[in-house]
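Visitor: Here it is, the structure, as structure tokens.
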Amino acid sequence: MIDFAPAPGAAPARTMLAAQIRMELRLLLRNGEQVGLTLIIPLLLEFFFNLPVLYSLDAPRRIDFVVPSVLALAVMSASFTGLAIGTGFERKYAVLKRLGATALSRPVLLAGKTGAVLVLQVLQAALICGFGLVLGWHPSGDGLWAVLLIVLGTATFGGLGLLLAGTVRAEITLAAANLIWLVLLFAGGIAIPLTRYPAAAADLLRCLPSAALSDGLHQVLQHGGGFPLRAVLTLLVWAGVALPAAARWFRWE
Amino acid sequence: MPAPAVEITGLVKRYGARVAVDGISFSLARGQLLALLGTNGAGKTTTIEICEGFRSADAGQVRVLGLNPASDGAKLRPRVGVMLQGGVGGYTGARTQELLQLFASYAAHPLDAGELLELVGLSDAASSQVKRLSGGQQQRLSLAMALIGRPELLFLDEPTTGMDPQARRVTWELIRRLRADGVSVVLTTHYLAEAEELADNVVVLHAGRVVAEGSPAELTRAHSAGQVRFNARPGLPIADLQAALPAGAKVSEPAAGNYLISAEVTPKLLAAATSWCAARDVLAERLNVEQRSLEDVFLALTTDEPADQPTSSKQDPGKQSPAGELTMNRPSARR
């Protein structure tokens, strides 16, 4: 016989966070659309961008340009587009409203989503790098810097995605997230090297978070460069704006 | 003494030009069950969502467990269980057991998810996706999610909507147990029987105002222009009978030998009427007591137009409700 005598109280934040990450991951991997967007499309793009029939990438070995680009793209897909659309519809269907009536705090909810995306990205990176090696990729540089860039990129794009999903209607989020994804893909140094733009435009575009992430990853993995200072600073600025803004303006319903 | 579970004073909420809640006040003592009763648009959900911290009040004071839900939400939420109107909320792609387990992980001393699922009759659906559950099953899961953290106060917004009568009975039983174990409960409902069965106190809302308040018994009594009918030999001195009855009772003989006493039906009234008859050796046949159910009271209170009077009824419509212009003498639909 269950005793309902009140014994209220909140669990420790890390218990909630772990449970939240597990749930988010489970749902991500159960959702075919998400799996397609975050795991399958990047691999297809990796394959097609590597075909020499396309435009020139200004790189002696296409695959060495393609792998860092696709890594950047995958980060953007999972932590921006995927997260924004998923969260937007959760908001629409009162999932977040219901969670907002529990002891789960807003920062833990957002951290849980970001954490799940990070785990997903480990999986993505493993697949992309593995497939890249099959296609003849020669990684160079310090892998640690690449990891740092990916984590920073996740925080930045995750913050932007949640900001979008938390403030406008789900249908608008859906349209905007896809549109922004496309813009960042082509104007953000991922699909087309920024060196192919006029110098003035390129300087401006370099300030986009996708360009920072992609530039940084190219600098490290393609050119074997050292600490990608400019990219890290750019991402830090974006993350520093996006995350607090998301936490501030995110509406549960 | 701890603060009341809920205390609302002069609450006002507007949506644009529309006033959804128009200066309502009520309170709920710890360990009691309060039913907010009203038609759609009466302001029930708005009121409850202000208590839950989802909406802010435009005027008035709201205290939940002594705290302000608008500003003390983080302190309040772990102590309160919530069942939203219309579906589970929460991840509908998750399985039943997973979702309940997730909610358990938010609480310091949660109930056992498996036991709770069994109690609400969802053991068989434990590994079904939440979105594949029927409406009634989702309601039961939603109730389990509200309970699992062992809250001291529950807000249940239309808890049995979409349930079949059997599930509704089981849920009522469960809600009674919660109250018996010391949980304070606010529930909204369209179902008068639900309020009558469960509530210590009923607050009837209509167009954003409290039109009646009290225990189900008080409400039916206070708003009852009850009737006692009996048959006896024609031509009894009805003025004499009326004088023998408690003040306010009216006696008439609508048809020869058919007598009608219109009054608040109390044991005293019946005793006075029957002893008057006995003293005159009058046998009151077919003695019939018509009391109003909460449903009659509710209909009377929430119908703006005076309802059609049955042609057989001769007495004046009573004018005794707080709304001031509501007819009180609709015959019971039940008897």
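Lettering and numbering for the structure tokens are positional, with chains as A, B, ... in the shown order, residues counted from 1 in each chain, and ligands counted from 1 in the shown order.
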What are the residues of chain B that have an atom within 6 Å of an atom of chain A, counting only C-alpha atoms, as a list in words?
Guide: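 Listing them in order of chain and number gives Arg77, Pro78, Arg79, Gly89, Gly90, Tyr91, Ser105, Tyr106, Ala107, Ala108, Arg150, Pro151, Glu152, Leu178, Asp181 and Gly182 of chain B.
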Visitor: Write the residues of the preceding selection, restricted to N, CA and C atoms, as an mmCIF file, in the first residue's frame.
Guide:
data_model
loop_
_atom_site.group_PDB
_atom_site.id
_atom_site.type_symbol
_atom_site.label_atom_id
_atom_site.label_comp_id
_atom_site.auth_asym_id
_atom_site.auth_seq_id
_atom_site.Cartn_x
_atom_site.Cartn_y
_atom_site.Cartn_z
ATOM 1 N N ARG B 77 7.941 24.775 -6.577
ATOM 2 C CA ARG B 77 7.702 23.664 -7.500
ATOM 3 C C ARG B 77 8.015 22.284 -6.924
ATOM 4 N N PRO B 78 9.115 22.115 -6.156
ATOM 5 C CA PRO B 78 9.345 20.771 -5.622
ATOM 6 C C PRO B 78 8.255 20.313 -4.645
ATOM 7 N N ARG B 79 7.469 21.243 -4.115
ATOM 8 C CA ARG B 79 6.491 20.874 -3.086
ATOM 9 C C ARG B 79 5.097 20.644 -3.663
ATOM 10 N N GLY B 89 1.548 16.095 -21.388
ATOM 11 C CA GLY B 89 2.704 16.988 -21.306
ATOM 12 C C GLY B 89 3.879 16.074 -21.027
ATOM 13 N N GLY B 90 5.059 16.571 -21.169
ATOM 14 C CA GLY B 90 6.193 15.664 -21.005
ATOM 15 C C GLY B 90 6.447 14.978 -22.334
ATOM 16 N N TYR B 91 7.561 14.269 -22.400
ATOM 17 C CA TYR B 91 8.008 13.699 -23.672
ATOM 18 C C TYR B 91 7.082 12.590 -24.134
ATOM 19 N N SER B 105 13.039 11.093 -10.883
ATOM 20 C CA SER B 105 14.424 11.519 -10.675
ATOM 21 C C SER B 105 14.518 13.009 -10.337
ATOM 22 N N TYR B 106 13.425 13.747 -10.467
ATOM 23 C CA TYR B 106 13.434 15.153 -10.064
ATOM 24 C C TYR B 106 13.219 15.317 -8.557
ATOM 25 N N ALA B 107 12.754 14.241 -7.893
ATOM 26 C CA ALA B 107 12.307 14.373 -6.501
ATOM 27 C C ALA B 107 13.296 13.760 -5.533
ATOM 28 N N ALA B 108 13.318 14.314 -4.320
ATOM 29 C CA ALA B 108 14.234 13.820 -3.293
ATOM 30 C C ALA B 108 13.779 12.466 -2.751
ATOM 31 N N ARG B 150 5.791 12.940 -4.188
ATOM 32 C CA ARG B 150 5.187 13.044 -2.856
ATOM 33 C C ARG B 150 4.954 14.489 -2.444
ATOM 34 N N PRO B 151 4.193 15.214 -3.257
ATOM 35 C CA PRO B 151 3.954 16.636 -2.998
ATOM 36 C C PRO B 151 3.031 16.841 -1.803
ATOM 37 N N GLU B 152 3.081 18.046 -1.242
ATOM 38 C CA GLU B 152 2.142 18.348 -0.168
ATOM 39 C C GLU B 152 0.878 19.010 -0.693
ATOM 40 N N LEU B 178 -5.353 10.141 -1.169
ATOM 41 C CA LEU B 178 -4.372 11.228 -1.073
ATOM 42 C C LEU B 178 -4.765 12.189 0.037
ATOM 43 N N ASP B 181 -4.222 10.811 3.395
ATOM 44 C CA ASP B 181 -2.806 10.780 3.782
ATOM 45 C C ASP B 181 -2.244 12.178 4.014
ATOM 46 N N GLY B 182 -3.083 13.197 3.896
ATOM 47 C CA GLY B 182 -2.640 14.536 4.284
ATOM 48 C C GLY B 182 -2.229 15.445 3.148
#
Visitor: Give me, as CSV, the closest atom pair and its distance (Å, one decimal) for every residue of region 57-146 of chain B within a cut-off of 12 Å of region 184-205 of chain B, counting only C-alpha atoms, rows sorted by chain and rising number.
Guide:
residue,atom,partner,partner_atom,distance
B:Val64,CA,B:Ser184,CA,11.0
B:Leu65,CA,B:Ser184,CA,10.0
B:Arg79,CA,B:Ser184,CA,11.1
B:Val80,CA,B:Ser184,CA,9.6
B:Gly81,CA,B:Val185,CA,9.3
B:Val82,CA,B:Val186,CA,9.8
B:Met83,CA,B:Leu187,CA,9.3
B:Leu84,CA,B:Thr188,CA,10.5
B:Gln85,CA,B:Thr188,CA,9.4
B:Leu143,CA,B:Leu187,CA,11.7
B:Ala146,CA,B:Val185,CA,11.3
Visitor: Measuring atom to atom with only C-alpha atoms, identify which of B:Lys131, B:Arg14, B:Arg176, B:Lys75 is nearest to Leu99 (chain B).
Guide: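 Ranked by minimum distance to Leu99 (chain B), first place goes to B:Lys131.
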Visitor: May I ask which of the residues B:Gly121, B:Gly23, B:Pro267, B:Gly136 is the closest one to Leu245 (chain B), counting only C-alpha atoms?
Guide: B:Pro267
Visitor: Please measure the separation of CA of Ile8 (chain B) and CA of Asp296 (chain B), giving the value in Å to one decimal.
Guide: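 Separation of CA of Ile8 (chain B) and CA of Asp296 (chain B): 26.9 Å.
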Visitor: Give me every strand (DSSP E or B) residue in region 44-239 of chain B, going by DSSP on the backbone, as a count of residues only.
Guide: 42
Visitor: When you draw a straight line from CA of Gly162 (chain B) to CA of Gly135 (chain B), how long is it in Å?
Guide: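 CA of Gly162 (chain B) sits 5.7 Å away from CA of Gly135 (chain B).
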Visitor: Please report, as a VMD selection string, each residue of region 46-250 of chain A to which DSSP assigns alpha helix (DSSP H) when run on this structure's backbone.
Guide: chain A and resid 46 to 49 62 to 76 83 to 92 95 to 100 106 to 134 143 to 167 170 to 187 199 to 205 209 to 217 229 to 249
Visitor: Can you pull out every residue within 12 Å of Val117 (chain A), counting only C-alpha atoms, but drop anything in the same chain fewer than 2 positions away, and send it as a PDB file with C-alpha atoms, in the first residue's frame?
Guide:
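part03.pdb was written with the following content:
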ATOM      1  CA  GLN A  20      17.665  14.478 -18.379  1.00  0.00           C
ATOM      2  CA  ILE A  21      20.635  13.654 -20.634  1.00  0.00           C
ATOM      3  CA  ARG A  22      19.657   9.981 -20.749  1.00  0.00           C
ATOM      4  CA  MET A  23      16.080  10.850 -21.718  1.00  0.00           C
ATOM      5  CA  GLU A  24      17.102  13.380 -24.364  1.00  0.00           C
ATOM      6  CA  LEU A  25      19.567  10.960 -25.957  1.00  0.00           C
ATOM      7  CA  ARG A  26      17.073   8.128 -25.999  1.00  0.00           C
ATOM      8  CA  LEU A  27      14.546  10.334 -27.750  1.00  0.00           C
ATOM      9  CA  LEU A  28      17.125  11.690 -30.227  1.00  0.00           C
ATOM     10  CA  LEU A  29      18.160   8.220 -31.272  1.00  0.00           C
ATOM     11  CA  GLN A  34      16.962  13.593 -36.123  1.00  0.00           C
ATOM     12  CA  VAL A  35      19.144  10.612 -36.886  1.00  0.00           C
ATOM     13  CA  THR A  38      22.630  14.556 -37.529  1.00  0.00           C
ATOM     14  CA  LEU A  39      24.174  11.251 -38.559  1.00  0.00           C
ATOM     15  CA  ALA A  74      27.550  18.214 -38.046  1.00  0.00           C
ATOM     16  CA  VAL A  75      27.990  20.361 -34.948  1.00  0.00           C
ATOM     17  CA  MET A  76      25.687  22.944 -36.478  1.00  0.00           C
ATOM     18  CA  SER A  77      23.077  20.351 -37.504  1.00  0.00           C
ATOM     19  CA  ALA A  78      22.906  18.666 -34.134  1.00  0.00           C
ATOM     20  CA  SER A  79      23.281  21.573 -31.777  1.00  0.00           C
ATOM     21  CA  PHE A  80      21.493  24.272 -33.745  1.00  0.00           C
ATOM     22  CA  THR A  81      18.956  22.921 -36.240  1.00  0.00           C
ATOM     23  CA  GLY A  82      18.150  19.629 -34.532  1.00  0.00           C
ATOM     24  CA  LEU A  83      17.996  21.089 -31.055  1.00  0.00           C
ATOM     25  CA  ALA A  84      15.973  24.120 -32.131  1.00  0.00           C
ATOM     26  CA  GLY A  86      13.064  19.434 -31.364  1.00  0.00           C
ATOM     27  CA  LEU A 110      19.084  23.480 -20.983  1.00  0.00           C
ATOM     28  CA  ALA A 111      22.258  21.776 -19.765  1.00  0.00           C
ATOM     29  CA  GLY A 112      20.593  18.401 -20.241  1.00  0.00           C
ATOM     30  CA  LYS A 113      19.780  19.202 -23.832  1.00  0.00           C
ATOM     31  CA  THR A 114      23.309  20.472 -24.471  1.00  0.00           C
ATOM     32  CA  GLY A 115      24.799  17.411 -22.771  1.00  0.00           C
ATOM     33  CA  VAL A 119      27.213  12.889 -26.575  1.00  0.00           C
ATOM     34  CA  LEU A 120      25.542  12.727 -29.971  1.00  0.00           C
ATOM     35  CA  GLN A 121      28.434  14.689 -31.425  1.00  0.00           C
ATOM     36  CA  VAL A 122      31.016  12.267 -30.125  1.00  0.00           C
ATOM     37  CA  LEU A 123      29.147   9.662 -32.122  1.00  0.00           C
ATOM     38  CA  GLN A 124      28.972  11.964 -35.169  1.00  0.00           C
ATOM     39  CA  ALA A 125      32.661  12.838 -35.004  1.00  0.00           C
ATOM     40  CA  ILE A 150      33.673  21.339 -31.132  1.00  0.00           C
ATOM     41  CA  VAL A 151      32.681  21.810 -27.484  1.00  0.00           C
ATOM     42  CA  GLY A 153      30.743  25.294 -31.118  1.00  0.00           C
ATOM     43  CA  THR A 154      28.162  23.094 -29.409  1.00  0.00           C
ATOM     44  CA  ALA A 155      27.684  25.607 -26.627  1.00  0.00           C
ATOM     45  CA  PHE A 157      24.999  26.770 -31.563  1.00  0.00           C
ATOM     46  CA  GLY A 158      23.087  25.103 -28.732  1.00  0.00           C
ATOM     47  CA  GLY A 159      22.541  28.508 -27.157  1.00  0.00           C
ATOM     48  CA  GLY A 161      19.111  27.073 -31.163  1.00  0.00           C
TER      49      GLY A 161
END
Visitor: Determine, counting only C-alpha atoms, which protein, DNA and RNA residues have an atom within 8 Å of an atom of Ala42 (chain B); residues of the same chain fewer than 3 positions away are not included. Present the result as a VMD selection string.
Guide: chain B and resid 20 to 21 38 to 39 205 to 209
Visitor: List the spatial neighbours of Glu285 (chain B) as a VMD selection string - criterion: any atom at most 7 Å away, only C-alpha atoms, same-chain residues fewer than 2 positions off excluded.
Guide: chain B and resid 230 to 232 283 287
